[in-house]
Amino acid sequence: MFENKYHLTADQNKRLARSNLVKLVYVNSRFEGLNTTLPQTQTIIDGLGVDGVSIDDINIIVQLKRGWQYVINSSENLNLDFLKHINKIVALNESLDPGELRTGSGAVNTMKGEFIPPEVNQAKEKGFLANLLSDSSRSITDRALTLMYHLMRNQIFWDGNKRTATLAANRLMIEHGAGLISVPLDLWPTWNNLIAEYYYSGDMKQLKVWTYNNGIQGVDLN
C-alpha cells in the first residue's frame, strides 16, 4: 500500500534535503505556532536577526536548522539514542530535560481537546524501534510514516515530540533515498484533525494513507 514513491541514492536525497532546508525548517516551525515568513526564516538561518521576531522564536528556528543538519549529515544508526540526540537539539530551549525520555505524566493539546499519552517504557520503545526498522516486508516509506506517528502519539520526550518524530522519520527516508515527508502548510488544518482523531483512536491507517497521498515529496530523475 505504501510503496516508495521515489528511488534516489542517499547522496541525492541528502542534496534534496539540503536544497530545501529553509522550507523544511519554515514548515516544521509551525509545530510551535511560529508565524515567521519564509524570507524571515531564511534570514535567521543565515545567522541574522529579524526585527519583530522574538529571541525564543529565533532559537526554535536555529535549533530546527541544526536538527535537520544533524539528520542529513550524521552516519550514526537510527536508534533510541539517535532520537534522544535529535530531541536534545530541537527542544534545547523549551524542554524540562532535553534529550531525555519523559518520566512523568504529560498532555498534548489537539483539535479534539487535551490528549493524555501513555506512560513511557524505554524497553518497549527500543523494541518497537528495532522491530520496525528490521521489518523488510514493509517499504521504507511505510516504516517512516509508522515511526513518525508512533512518536507523535506516544510523546516519549518532555517537549518537541512532533519535531523529533518528523526529523527521525525523514532520516529514515533520506538514508534509503525515499524522498521527504513534509505536509504542505495549506493542508495542515486537515492534517491536524486527522492527527487528533488518531491520538484518540490509536489507529494510524487513515492518517498514513492521507499523508502518503499528500505529504511525500521528492524528485523523479528518470
# chains A, B, ... in the order shown; residues from 1 in each chain; ligands from 1
$ residues_around --residues "region 112-128 of chain A" --least-positions-apart "3" --cutoff "12 Å" --atoms "only C-alpha atoms" --output "PDB file with N, CA and C atoms, in the first residue's frame"
ATOM      1  N   LEU A  78      20.113   4.728  13.344  1.00  0.00           N
ATOM      2  CA  LEU A  78      18.833   5.226  13.824  1.00  0.00           C
ATOM      3  C   LEU A  78      18.344   4.307  14.942  1.00  0.00           C
ATOM      4  N   ASN A  79      18.486   4.769  16.170  1.00  0.00           N
ATOM      5  CA  ASN A  79      18.048   4.012  17.340  1.00  0.00           C
ATOM      6  C   ASN A  79      17.558   4.991  18.390  1.00  0.00           C
ATOM      7  N   LEU A  80      17.284   4.517  19.589  1.00  0.00           N
ATOM      8  CA  LEU A  80      16.726   5.393  20.611  1.00  0.00           C
ATOM      9  C   LEU A  80      17.706   6.502  20.997  1.00  0.00           C
ATOM     10  N   ASP A  81      18.994   6.200  21.018  1.00  0.00           N
ATOM     11  CA  ASP A  81      19.989   7.232  21.327  1.00  0.00           C
ATOM     12  C   ASP A  81      19.994   8.312  20.253  1.00  0.00           C
ATOM     13  N   PHE A  82      19.793   7.906  19.001  1.00  0.00           N
ATOM     14  CA  PHE A  82      19.717   8.876  17.906  1.00  0.00           C
ATOM     15  C   PHE A  82      18.509   9.793  18.096  1.00  0.00           C
ATOM     16  N   LEU A  83      17.378   9.223  18.488  1.00  0.00           N
ATOM     17  CA  LEU A  83      16.183  10.027  18.747  1.00  0.00           C
ATOM     18  C   LEU A  83      16.427  11.006  19.894  1.00  0.00           C
ATOM     19  N   LYS A  84      17.106  10.546  20.922  1.00  0.00           N
ATOM     20  CA  LYS A  84      17.417  11.419  22.055  1.00  0.00           C
ATOM     21  C   LYS A  84      18.278  12.597  21.609  1.00  0.00           C
ATOM     22  N   GLU A 100      16.089  13.625  27.011  1.00  0.00           N
ATOM     23  CA  GLU A 100      15.792  12.553  27.956  1.00  0.00           C
ATOM     24  C   GLU A 100      14.328  12.149  27.858  1.00  0.00           C
ATOM     25  N   LEU A 101      14.045  10.873  28.062  1.00  0.00           N
ATOM     26  CA  LEU A 101      12.685  10.381  27.962  1.00  0.00           C
ATOM     27  C   LEU A 101      11.818  10.949  29.090  1.00  0.00           C
ATOM     28  N   ARG A 102      10.562  11.145  28.767  1.00  0.00           N
ATOM     29  CA  ARG A 102       9.595  11.635  29.753  1.00  0.00           C
ATOM     30  C   ARG A 102       9.399  10.595  30.847  1.00  0.00           C
ATOM     31  N   THR A 103       9.457  11.016  32.093  1.00  0.00           N
ATOM     32  CA  THR A 103       9.289  10.104  33.229  1.00  0.00           C
ATOM     33  C   THR A 103       8.005  10.358  33.997  1.00  0.00           C
ATOM     34  N   GLY A 104       7.297  11.415  33.693  1.00  0.00           N
ATOM     35  CA  GLY A 104       6.036  11.721  34.378  1.00  0.00           C
ATOM     36  C   GLY A 104       4.895  11.766  33.393  1.00  0.00           C
ATOM     37  N   SER A 105       3.745  12.148  33.894  1.00  0.00           N
ATOM     38  CA  SER A 105       2.562  12.259  33.031  1.00  0.00           C
ATOM     39  C   SER A 105       2.693  13.490  32.148  1.00  0.00           C
ATOM     40  N   GLY A 106       2.047  13.432  31.019  1.00  0.00           N
ATOM     41  CA  GLY A 106       2.081  14.553  30.094  1.00  0.00           C
ATOM     42  C   GLY A 106       0.724  14.756  29.456  1.00  0.00           C
ATOM     43  N   ALA A 107       0.592  15.815  28.702  1.00  0.00           N
ATOM     44  CA  ALA A 107      -0.651  16.098  27.996  1.00  0.00           C
ATOM     45  C   ALA A 107      -0.317  16.912  26.752  1.00  0.00           C
ATOM     46  N   VAL A 108      -1.101  16.716  25.704  1.00  0.00           N
ATOM     47  CA  VAL A 108      -0.888  17.458  24.470  1.00  0.00           C
ATOM     48  C   VAL A 108      -2.229  17.977  23.988  1.00  0.00           C
ATOM     49  N   ASN A 109      -2.258  19.236  23.579  1.00  0.00           N
ATOM     50  CA  ASN A 109      -3.483  19.836  23.068  1.00  0.00           C
ATOM     51  C   ASN A 109      -3.702  19.425  21.617  1.00  0.00           C
ATOM     52  N   ASN A 131      12.176  -3.580  15.982  1.00  0.00           N
ATOM     53  CA  ASN A 131      11.289  -4.423  15.175  1.00  0.00           C
ATOM     54  C   ASN A 131      10.831  -3.709  13.914  1.00  0.00           C
ATOM     55  N   LEU A 132      10.497  -2.429  14.050  1.00  0.00           N
ATOM     56  CA  LEU A 132      10.020  -1.670  12.899  1.00  0.00           C
ATOM     57  C   LEU A 132      11.108  -1.530  11.845  1.00  0.00           C
ATOM     58  N   LEU A 133      12.289  -1.139  12.267  1.00  0.00           N
ATOM     59  CA  LEU A 133      13.365  -0.878  11.314  1.00  0.00           C
ATOM     60  C   LEU A 133      13.863  -2.144  10.635  1.00  0.00           C
ATOM     61  N   SER A 134      13.690  -3.292  11.268  1.00  0.00           N
ATOM     62  CA  SER A 134      14.155  -4.560  10.685  1.00  0.00           C
ATOM     63  C   SER A 134      13.078  -5.269   9.874  1.00  0.00           C
ATOM     64  N   ASP A 135      11.886  -4.690   9.784  1.00  0.00           N
ATOM     65  CA  ASP A 135      10.770  -5.336   9.096  1.00  0.00           C
ATOM     66  C   ASP A 135      10.864  -5.096   7.592  1.00  0.00           C
ATOM     67  N   ARG A 143       7.527   2.343   6.911  1.00  0.00           N
ATOM     68  CA  ARG A 143       8.196   2.334   8.211  1.00  0.00           C
ATOM     69  C   ARG A 143       8.417   3.757   8.735  1.00  0.00           C
ATOM     70  N   THR A 146       5.085   5.159   9.962  1.00  0.00           N
ATOM     71  CA  THR A 146       4.729   4.482  11.208  1.00  0.00           C
ATOM     72  C   THR A 146       5.554   5.022  12.367  1.00  0.00           C
ATOM     73  N   LEU A 147       6.847   5.191  12.146  1.00  0.00           N
ATOM     74  CA  LEU A 147       7.726   5.737  13.176  1.00  0.00           C
ATOM     75  C   LEU A 147       7.288   7.146  13.562  1.00  0.00           C
ATOM     76  N   HIS A 150       3.901   7.082  15.500  1.00  0.00           N
ATOM     77  CA  HIS A 150       4.078   6.436  16.804  1.00  0.00           C
ATOM     78  C   HIS A 150       4.726   7.405  17.788  1.00  0.00           C
ATOM     79  N   LEU A 151       5.780   8.077  17.356  1.00  0.00           N
ATOM     80  CA  LEU A 151       6.478   9.005  18.238  1.00  0.00           C
ATOM     81  C   LEU A 151       5.619  10.211  18.583  1.00  0.00           C
ATOM     82  N   MET A 152       4.854  10.695  17.626  1.00  0.00           N
ATOM     83  CA  MET A 152       3.971  11.831  17.915  1.00  0.00           C
ATOM     84  C   MET A 152       2.947  11.471  18.988  1.00  0.00           C
ATOM     85  N   ARG A 153       2.314  10.323  18.850  1.00  0.00           N
ATOM     86  CA  ARG A 153       1.244   9.959  19.774  1.00  0.00           C
ATOM     87  C   ARG A 153       1.779   9.581  21.154  1.00  0.00           C
ATOM     88  N   ASN A 154       2.906   8.900  21.193  1.00  0.00           N
ATOM     89  CA  ASN A 154       3.413   8.418  22.477  1.00  0.00           C
ATOM     90  C   ASN A 154       4.151   9.483  23.283  1.00  0.00           C
ATOM     91  N   GLN A 155       4.522  10.593  22.617  1.00  0.00           N
ATOM     92  CA  GLN A 155       5.089  11.731  23.356  1.00  0.00           C
ATOM     93  C   GLN A 155       6.181  11.273  24.326  1.00  0.00           C
ATOM     94  N   ILE A 156       7.193  10.593  23.809  1.00  0.00           N
ATOM     95  CA  ILE A 156       8.174   9.975  24.699  1.00  0.00           C
ATOM     96  C   ILE A 156       9.133  10.989  25.319  1.00  0.00           C
ATOM     97  N   PHE A 157       9.167  12.206  24.781  1.00  0.00           N
ATOM     98  CA  PHE A 157      10.020  13.242  25.348  1.00  0.00           C
ATOM     99  C   PHE A 157       9.165  14.314  26.038  1.00  0.00           C
ATOM    100  N   TRP A 158       9.810  15.152  26.805  1.00  0.00           N
ATOM    101  CA  TRP A 158       9.096  16.193  27.546  1.00  0.00           C
ATOM    102  C   TRP A 158       8.527  17.258  26.620  1.00  0.00           C
ATOM    103  N   ASN A 161       8.142  16.756  20.606  1.00  0.00           N
ATOM    104  CA  ASN A 161       7.904  15.402  20.091  1.00  0.00           C
ATOM    105  C   ASN A 161       7.573  15.383  18.602  1.00  0.00           C
ATOM    106  N   ASN A 192      -4.025  18.256  11.007  1.00  0.00           N
ATOM    107  CA  ASN A 192      -4.168  18.333  12.464  1.00  0.00           C
ATOM    108  C   ASN A 192      -5.430  17.633  12.949  1.00  0.00           C
ATOM    109  N   ASN A 193      -6.493  17.721  12.180  1.00  0.00           N
ATOM    110  CA  ASN A 193      -7.717  16.993  12.539  1.00  0.00           C
ATOM    111  C   ASN A 193      -7.492  15.485  12.504  1.00  0.00           C
ATOM    112  N   LEU A 194      -6.801  15.013  11.476  1.00  0.00           N
ATOM    113  CA  LEU A 194      -6.523  13.585  11.365  1.00  0.00           C
ATOM    114  C   LEU A 194      -5.596  13.106  12.482  1.00  0.00           C
ATOM    115  N   ILE A 195      -4.618  13.927  12.839  1.00  0.00           N
ATOM    116  CA  ILE A 195      -3.725  13.579  13.940  1.00  0.00           C
ATOM    117  C   ILE A 195      -4.517  13.459  15.237  1.00  0.00           C
ATOM    118  N   ALA A 196      -5.433  14.399  15.474  1.00  0.00           N
ATOM    119  CA  ALA A 196      -6.249  14.357  16.693  1.00  0.00           C
ATOM    120  C   ALA A 196      -7.098  13.085  16.735  1.00  0.00           C
ATOM    121  N   GLU A 197      -7.702  12.735  15.603  1.00  0.00           N
ATOM    122  CA  GLU A 197      -8.501  11.513  15.553  1.00  0.00           C
ATOM    123  C   GLU A 197      -7.640  10.296  15.867  1.00  0.00           C
ATOM    124  N   TYR A 198      -6.433  10.284  15.326  1.00  0.00           N
ATOM    125  CA  TYR A 198      -5.512   9.171  15.562  1.00  0.00           C
ATOM    126  C   TYR A 198      -5.086   9.080  17.022  1.00  0.00           C
ATOM    127  N   TYR A 199      -4.813  10.211  17.638  1.00  0.00           N
ATOM    128  CA  TYR A 199      -4.418  10.195  19.043  1.00  0.00           C
ATOM    129  C   TYR A 199      -5.458   9.462  19.889  1.00  0.00           C
ATOM    130  N   TYR A 200      -6.721   9.718  19.629  1.00  0.00           N
ATOM    131  CA  TYR A 200      -7.774   9.131  20.456  1.00  0.00           C
ATOM    132  C   TYR A 200      -8.129   7.708  20.051  1.00  0.00           C
ATOM    133  N   SER A 201      -7.986   7.396  18.774  1.00  0.00           N
ATOM    134  CA  SER A 201      -8.350   6.051  18.319  1.00  0.00           C
ATOM    135  C   SER A 201      -7.190   5.066  18.413  1.00  0.00           C
ATOM    136  N   GLY A 202      -5.977   5.565  18.256  1.00  0.00           N
ATOM    137  CA  GLY A 202      -4.808   4.693  18.218  1.00  0.00           C
ATOM    138  C   GLY A 202      -4.609   3.993  16.884  1.00  0.00           C
TER     139      GLY A 202
END
$ closest_residue --among "A:Gly215, A:Gly177, A:Pro184, A:Gly47" --to "Ser139 (chain A)" --atoms "only C-alpha atoms"
A:Gly177
$ closest_residue --among "A:Tyr6, A:Gly160, A:Asn214, A:Ala144" --to "Ala178 (chain A)" --atoms "only C-alpha atoms"
A:Tyr6
$ residues_around --residues "Lys23 (chain A)" --least-positions-apart "6" --cutoff "9 Å" --atoms "only C-alpha atoms" --output "ChimeraX atom specification"
/A:38,41-42
$ write_last_selection --atoms "N, CA and C atoms" --output "PDB file, in the first residue's frame"
ATOM      1  N   LEU A  38       8.680  32.901   5.165  1.00  0.00           N
ATOM      2  CA  LEU A  38       9.791  32.155   4.566  1.00  0.00           C
ATOM      3  C   LEU A  38      11.045  33.029   4.438  1.00  0.00           C
ATOM      4  N   THR A  41      12.596  33.340   7.825  1.00  0.00           N
ATOM      5  CA  THR A  41      13.253  32.080   8.191  1.00  0.00           C
ATOM      6  C   THR A  41      14.610  31.974   7.507  1.00  0.00           C
ATOM      7  N   GLN A  42      14.672  32.338   6.238  1.00  0.00           N
ATOM      8  CA  GLN A  42      15.950  32.335   5.507  1.00  0.00           C
ATOM      9  C   GLN A  42      16.968  33.238   6.185  1.00  0.00           C
TER      10      GLN A  42
END
$ select_by_dssp --residues "region 36-204 of chain A" --states "helix (DSSP H, G or I)" --output "ChimeraX atom specification"
/A:38-45,55-73,80-90,122-133,140-154,161-175,185-201
$ atom_distance --atom1 "CA of Thr164 (chain A)" --atom2 "CA of Ile89 (chain A)"
9.1 Å
$ select_by_dssp --residues "region 49-204 of chain A" --states "strand (DSSP E or B)" --output "ChimeraX atom specification"
/A:101,108-110,113-115,157,180-181
$ decode --residues "region 39-115 of chain A" --atoms "C-alpha atoms" --output "JSON list (two decimals), in the first residue's frame"
[["chain", "number", "residue", "atom", "x", "y", "z"],
["A", 39, "PRO", "CA", 12.13, 35.14, 3.92],
["A", 40, "GLN", "CA", 12.41, 35.75, 7.67],
["A", 41, "THR", "CA", 13.25, 32.08, 8.19],
["A", 42, "GLN", "CA", 15.95, 32.34, 5.51],
["A", 43, "THR", "CA", 17.44, 35.40, 7.21],
["A", 44, "ILE", "CA", 17.53, 33.66, 10.60],
["A", 45, "ILE", "CA", 19.10, 30.53, 9.11],
["A", 46, "ASP", "CA", 21.73, 32.80, 7.54],
["A", 47, "GLY", "CA", 22.63, 33.91, 11.08],
["A", 48, "LEU", "CA", 20.98, 37.31, 11.18],
["A", 49, "GLY", "CA", 18.34, 38.76, 13.47],
["A", 50, "VAL", "CA", 14.91, 39.84, 12.26],
["A", 51, "ASP", "CA", 13.01, 42.81, 13.66],
["A", 52, "GLY", "CA", 9.76, 41.75, 15.28],
["A", 53, "VAL", "CA", 10.77, 38.11, 15.78],
["A", 54, "SER", "CA", 11.39, 37.16, 19.41],
["A", 55, "ILE", "CA", 14.60, 35.56, 20.63],
["A", 56, "ASP", "CA", 12.59, 32.45, 21.60],
["A", 57, "ASP", "CA", 11.24, 32.08, 18.05],
["A", 58, "ILE", "CA", 14.68, 32.68, 16.56],
["A", 59, "ASN", "CA", 16.11, 29.97, 18.82],
["A", 60, "ILE", "CA", 13.45, 27.47, 17.69],
["A", 61, "ILE", "CA", 14.35, 28.10, 14.04],
["A", 62, "VAL", "CA", 18.09, 27.88, 14.72],
["A", 63, "GLN", "CA", 17.72, 24.59, 16.59],
["A", 64, "LEU", "CA", 15.47, 23.18, 13.86],
["A", 65, "LYS", "CA", 18.17, 24.05, 11.33],
["A", 66, "ARG", "CA", 20.73, 22.24, 13.46],
["A", 67, "GLY", "CA", 18.39, 19.28, 13.86],
["A", 68, "TRP", "CA", 17.93, 18.95, 10.11],
["A", 69, "GLN", "CA", 21.67, 19.27, 9.54],
["A", 70, "TYR", "CA", 22.23, 16.50, 12.07],
["A", 71, "VAL", "CA", 19.81, 14.03, 10.46],
["A", 72, "ILE", "CA", 21.13, 14.84, 6.97],
["A", 73, "ASN", "CA", 24.82, 14.56, 7.77],
["A", 74, "SER", "CA", 25.06, 12.02, 10.61],
["A", 75, "SER", "CA", 26.20, 8.47, 9.89],
["A", 76, "GLU", "CA", 25.00, 7.15, 13.26],
["A", 77, "ASN", "CA", 22.48, 4.31, 13.43],
["A", 78, "LEU", "CA", 18.83, 5.23, 13.82],
["A", 79, "ASN", "CA", 18.05, 4.01, 17.34],
["A", 80, "LEU", "CA", 16.73, 5.39, 20.61],
["A", 81, "ASP", "CA", 19.99, 7.23, 21.33],
["A", 82, "PHE", "CA", 19.72, 8.88, 17.91],
["A", 83, "LEU", "CA", 16.18, 10.03, 18.75],
["A", 84, "LYS", "CA", 17.42, 11.42, 22.05],
["A", 85, "HIS", "CA", 20.10, 13.39, 20.24],
["A", 86, "ILE", "CA", 17.54, 14.86, 17.82],
["A", 87, "ASN", "CA", 15.34, 15.89, 20.73],
["A", 88, "LYS", "CA", 18.26, 17.40, 22.61],
["A", 89, "ILE", "CA", 18.86, 19.66, 19.61],
["A", 90, "VAL", "CA", 15.34, 20.70, 18.65],
["A", 91, "ALA", "CA", 13.92, 21.03, 22.18],
["A", 92, "LEU", "CA", 17.03, 22.53, 23.74],
["A", 93, "ASN", "CA", 15.39, 25.75, 24.89],
["A", 94, "GLU", "CA", 11.88, 24.51, 25.74],
["A", 95, "SER", "CA", 12.12, 21.06, 27.30],
["A", 96, "LEU", "CA", 12.32, 20.31, 31.01],
["A", 97, "ASP", "CA", 15.09, 17.82, 30.19],
["A", 98, "PRO", "CA", 16.05, 17.92, 26.50],
["A", 99, "GLY", "CA", 17.17, 14.61, 25.08],
["A", 100, "GLU", "CA", 15.79, 12.55, 27.96],
["A", 101, "LEU", "CA", 12.69, 10.38, 27.96],
["A", 102, "ARG", "CA", 9.60, 11.63, 29.75],
["A", 103, "THR", "CA", 9.29, 10.10, 33.23],
["A", 104, "GLY", "CA", 6.04, 11.72, 34.38],
["A", 105, "SER", "CA", 2.56, 12.26, 33.03],
["A", 106, "GLY", "CA", 2.08, 14.55, 30.09],
["A", 107, "ALA", "CA", -0.65, 16.10, 28.00],
["A", 108, "VAL", "CA", -0.89, 17.46, 24.47],
["A", 109, "ASN", "CA", -3.48, 19.84, 23.07],
["A", 110, "THR", "CA", -5.28, 18.60, 19.95],
["A", 111, "MET", "CA", -8.16, 19.73, 17.77],
["A", 112, "LYS", "CA", -10.37, 17.46, 19.91],
["A", 113, "GLY", "CA", -9.09, 18.61, 23.28],
["A", 114, "GLU", "CA", -6.34, 17.50, 25.63],
["A", 115, "PHE", "CA", -4.87, 14.07, 24.98]]
